Amino acid sequence: MPRMTRIQQKNRDLIMDGALNVFSANGFRGTTIDQIARSAGLSKPNVLYYFSSKDDIHRTLLTELLDMWLAPMQQIDPAGDPMSEMLGYVAAKMRMSRDYPRESRLFAYEILQGAPHLTQILGGGLREIVDRTVAVLQGWMDDGRLARTDPRHLIFSIWSMTQHYADFEIQVRAVLGRGRDPFDEGQAFLDQMYRKLLTP
């Protein structure tokens, strides 16, 4: 594929950002190419110059999102201190919830719809990365460096507890009240909770 010019890259980025706005608010079924074009500030033909369909845009967004979403897990260092690595992973996931709430909601929409655009990736690349991480965690547990627990359910709990702050941010802020930072407070709580759970 030929390298894009600066203008082409700018337009593609506008489309991606506009699509993220619309998909994260309306889901796949509630989104149209016209809405994406308006959100991106481009014409519909211009959008279709870069992407063949709404499905193409959605799949591209999800694939790029999943790469970003999995990056902190792939940065867990098997040679590092187990507690520091795991608490660092939790902190990284919380930062992503704070900084990328639209992306988190887009992923949640896709999963709630049965993951029609991610089925192959979820059963392939995602599982491979999780399996590698589980092997690291199991090794640390077998060596007595982390408390023994189910590594896969540990990962699931980290995903759900950190992404809750993005997907349900309005609810969290309403319950906490004004002047409180849900992400800072949530990070402190999760750090304490996982430290207690994982201390041998």
# chains A, B, ... in the order shown; residues from 1 in each chain; ligands from 1
>>> select_by_dssp(residues="stretch 49-125 of chain A", states="helix (DSSP H, G or I)", output="ChimeraX atom specification")
/A:49-50,54-74,82-99,101-112,119-125
>>> write_last_selection(atoms="C-alpha atoms", output="JSON list (two decimals), in the first residue's frame")
[["chain", "number", "residue", "atom", "x", "y", "z"],
["A", 49, "TYR", "CA", -12.37, 7.29, -0.53],
["A", 50, "TYR", "CA", -10.43, 6.08, 2.52],
["A", 54, "LYS", "CA", -19.01, 1.56, 7.79],
["A", 55, "ASP", "CA", -17.96, -2.00, 8.59],
["A", 56, "ASP", "CA", -14.42, -1.28, 7.33],
["A", 57, "ILE", "CA", -14.12, 1.80, 9.56],
["A", 58, "HIS", "CA", -15.47, -0.04, 12.58],
["A", 59, "ARG", "CA", -13.15, -3.02, 12.15],
["A", 60, "THR", "CA", -10.13, -0.73, 11.70],
["A", 61, "LEU", "CA", -11.01, 1.21, 14.85],
["A", 62, "LEU", "CA", -11.47, -1.95, 16.90],
["A", 63, "THR", "CA", -8.24, -3.54, 15.66],
["A", 64, "GLU", "CA", -6.23, -0.43, 16.51],
["A", 65, "LEU", "CA", -8.02, -0.18, 19.86],
["A", 66, "LEU", "CA", -7.27, -3.77, 20.77],
["A", 67, "ASP", "CA", -3.57, -3.26, 20.00],
["A", 68, "MET", "CA", -3.53, -0.25, 22.34],
["A", 69, "TRP", "CA", -5.64, -2.02, 24.97],
["A", 70, "LEU", "CA", -3.29, -5.02, 25.10],
["A", 71, "ALA", "CA", -0.02, -3.06, 25.07],
["A", 72, "PRO", "CA", 0.26, -2.72, 28.89],
["A", 73, "MET", "CA", -0.17, -6.47, 29.31],
["A", 74, "GLN", "CA", 2.62, -7.16, 26.83],
["A", 82, "PRO", "CA", 5.95, -9.48, 40.53],
["A", 83, "MET", "CA", 4.06, -7.08, 42.81],
["A", 84, "SER", "CA", 5.47, -4.01, 41.06],
["A", 85, "GLU", "CA", 4.66, -5.45, 37.65],
["A", 86, "MET", "CA", 1.07, -6.28, 38.57],
["A", 87, "LEU", "CA", 0.35, -2.99, 40.35],
["A", 88, "GLY", "CA", 1.95, -1.20, 37.41],
["A", 89, "TYR", "CA", -0.38, -3.05, 35.06],
["A", 90, "VAL", "CA", -3.42, -2.07, 37.13],
["A", 91, "ALA", "CA", -2.26, 1.57, 37.12],
["A", 92, "ALA", "CA", -1.73, 1.50, 33.35],
["A", 93, "LYS", "CA", -5.23, 0.13, 32.80],
["A", 94, "MET", "CA", -6.68, 2.83, 35.05],
["A", 95, "ARG", "CA", -4.83, 5.53, 33.11],
["A", 96, "MET", "CA", -6.30, 4.14, 29.90],
["A", 97, "SER", "CA", -9.80, 4.34, 31.39],
["A", 98, "ARG", "CA", -9.18, 7.96, 32.33],
["A", 99, "ASP", "CA", -7.55, 8.97, 29.04],
["A", 101, "PRO", "CA", -13.12, 6.53, 27.71],
["A", 102, "ARG", "CA", -14.54, 6.58, 24.17],
["A", 103, "GLU", "CA", -12.34, 3.68, 23.16],
["A", 104, "SER", "CA", -13.41, 1.68, 26.21],
["A", 105, "ARG", "CA", -17.09, 2.27, 25.47],
["A", 106, "LEU", "CA", -16.61, 1.29, 21.82],
["A", 107, "PHE", "CA", -15.03, -1.99, 22.89],
["A", 108, "ALA", "CA", -17.85, -2.60, 25.40],
["A", 109, "TYR", "CA", -20.47, -2.02, 22.68],
["A", 110, "GLU", "CA", -18.74, -4.56, 20.45],
["A", 111, "ILE", "CA", -18.59, -7.21, 23.18],
["A", 112, "LEU", "CA", -22.25, -6.65, 24.12],
["A", 119, "THR", "CA", -14.37, -12.96, 16.89],
["A", 120, "GLN", "CA", -11.18, -14.11, 15.16],
["A", 121, "ILE", "CA", -8.94, -11.71, 17.09],
["A", 122, "LEU", "CA", -10.49, -12.58, 20.46],
["A", 123, "GLY", "CA", -10.02, -16.29, 19.87],
["A", 124, "GLY", "CA", -6.53, -15.92, 18.41],
["A", 125, "GLY", "CA", -4.21, -13.04, 19.19]]
>>> residues_around(residues="stretch 6-15 of chain A", least_positions_apart="6", cutoff="9 Å", atoms="only C-alpha atoms", output="list in words")
Ile36, Ala37, Ser39, Ala40, Gly41, Leu42, Asn46, Val47, Tyr50, Phe51 and Ile57 of chain A
>>> residues_around(residues="A:Leu137", least_positions_apart="5", cutoff="12 Å", atoms="only C-alpha atoms", output="list in words")
Met73, Ile76, Asp77, Pro78, Ala79, Gly80, Asp81, Pro82, Met83, Glu85, Met86, Val130, Asp131, Arg132, Asp142, Asp143, Gly144, Arg145, Leu146, Ala147, Arg148, Thr149, Asp150, Pro151, Arg152, His153, Leu154, Ile155 and Leu198 of chain A
>>> write_last_selection(atoms="C-alpha atoms", output="PDB file, in the first residue's frame")
ATOM      1  CA  MET A  73      -0.167  -6.473  29.315  1.00  0.00           C
ATOM      2  CA  ILE A  76       4.664  -6.968  31.976  1.00  0.00           C
ATOM      3  CA  ASP A  77       8.284  -8.008  32.566  1.00  0.00           C
ATOM      4  CA  PRO A  78       8.752 -11.662  33.617  1.00  0.00           C
ATOM      5  CA  ALA A  79      12.131 -10.669  35.120  1.00  0.00           C
ATOM      6  CA  GLY A  80      10.663  -7.797  37.137  1.00  0.00           C
ATOM      7  CA  ASP A  81       9.349  -7.701  40.685  1.00  0.00           C
ATOM      8  CA  PRO A  82       5.946  -9.483  40.531  1.00  0.00           C
ATOM      9  CA  MET A  83       4.065  -7.083  42.811  1.00  0.00           C
ATOM     10  CA  GLU A  85       4.655  -5.446  37.648  1.00  0.00           C
ATOM     11  CA  MET A  86       1.065  -6.275  38.573  1.00  0.00           C
ATOM     12  CA  VAL A 130      -3.363 -13.754  27.796  1.00  0.00           C
ATOM     13  CA  ASP A 131      -1.917 -17.293  27.816  1.00  0.00           C
ATOM     14  CA  ARG A 132       1.629 -15.873  27.864  1.00  0.00           C
ATOM     15  CA  ASP A 142       4.550 -21.360  41.927  1.00  0.00           C
ATOM     16  CA  ASP A 143       7.719 -19.639  43.162  1.00  0.00           C
ATOM     17  CA  GLY A 144       5.826 -18.135  46.102  1.00  0.00           C
ATOM     18  CA  ARG A 145       6.360 -14.581  44.841  1.00  0.00           C
ATOM     19  CA  LEU A 146       2.628 -13.884  44.453  1.00  0.00           C
ATOM     20  CA  ALA A 147      -0.290 -15.310  46.429  1.00  0.00           C
ATOM     21  CA  ARG A 148      -1.921 -18.214  44.619  1.00  0.00           C
ATOM     22  CA  THR A 149      -5.127 -17.360  42.780  1.00  0.00           C
ATOM     23  CA  ASP A 150      -6.615 -18.097  39.356  1.00  0.00           C
ATOM     24  CA  PRO A 151      -4.467 -16.064  36.903  1.00  0.00           C
ATOM     25  CA  ARG A 152      -7.149 -15.746  34.234  1.00  0.00           C
ATOM     26  CA  HIS A 153      -9.789 -14.536  36.653  1.00  0.00           C
ATOM     27  CA  LEU A 154      -7.233 -12.166  38.135  1.00  0.00           C
ATOM     28  CA  ILE A 155      -6.806 -10.645  34.654  1.00  0.00           C
ATOM     29  CA  LEU A 198      -1.415 -10.820  45.812  1.00  0.00           C
TER      30      LEU A 198
END
>>> closest_residue(among="A:Arg3, A:Arg38, A:Lys196, A:Tyr100", to="A:Asp167", atoms="only C-alpha atoms")
A:Tyr100
>>> residues_around(residues="A:Gly186", least_positions_apart="2", cutoff="10 Å", atoms="only C-alpha atoms", output="PyMOL selection string")
chain A and resi 91+94+161-162+165+172+181-184+188-192
>>> write_last_selection(atoms="N, CA and C atoms", output="compact mmCIF listing (two decimals), in the first residue's frame")
# COMPACT_ATOMS: atom_id res chain seq x y z
N ALA A 91 -2.34 0.12 37.28
CA ALA A 91 -2.26 1.57 37.12
C ALA A 91 -2.34 1.97 35.65
N MET A 94 -5.88 1.73 34.53
CA MET A 94 -6.68 2.83 35.05
C MET A 94 -6.41 4.12 34.28
N MET A 161 -12.60 -4.09 36.64
CA MET A 161 -12.58 -3.06 37.67
C MET A 161 -12.00 -1.74 37.17
N THR A 162 -11.03 -1.81 36.26
CA THR A 162 -10.49 -0.55 35.74
C THR A 162 -11.40 0.05 34.68
N TYR A 165 -14.55 2.39 35.44
CA TYR A 165 -14.42 3.83 35.64
C TYR A 165 -14.57 4.61 34.34
N VAL A 172 -20.25 6.85 38.42
CA VAL A 172 -19.23 6.93 39.47
C VAL A 172 -19.13 8.36 40.01
N ASP A 181 -12.00 13.02 42.55
CA ASP A 181 -11.48 12.45 41.32
C ASP A 181 -11.64 10.93 41.36
N PRO A 182 -12.55 10.38 40.57
CA PRO A 182 -12.79 8.94 40.63
C PRO A 182 -11.58 8.11 40.22
N PHE A 183 -10.75 8.65 39.33
CA PHE A 183 -9.62 7.87 38.85
C PHE A 183 -8.49 7.83 39.87
N ASP A 184 -8.21 8.96 40.52
CA ASP A 184 -7.19 8.96 41.57
C ASP A 184 -7.63 8.10 42.75
N ALA A 188 -6.05 4.40 44.00
CA ALA A 188 -5.58 4.15 45.36
C ALA A 188 -6.26 2.92 45.95
N PHE A 189 -7.56 2.79 45.70
CA PHE A 189 -8.30 1.64 46.22
C PHE A 189 -7.82 0.34 45.57
N LEU A 190 -7.67 0.35 44.24
CA LEU A 190 -7.26 -0.87 43.54
C LEU A 190 -5.84 -1.27 43.93
N ASP A 191 -4.97 -0.29 44.11
CA ASP A 191 -3.61 -0.58 44.54
C ASP A 191 -3.63 -1.31 45.88
N GLN A 192 -4.43 -0.80 46.82
CA GLN A 192 -4.54 -1.42 48.14
C GLN A 192 -5.14 -2.82 48.03
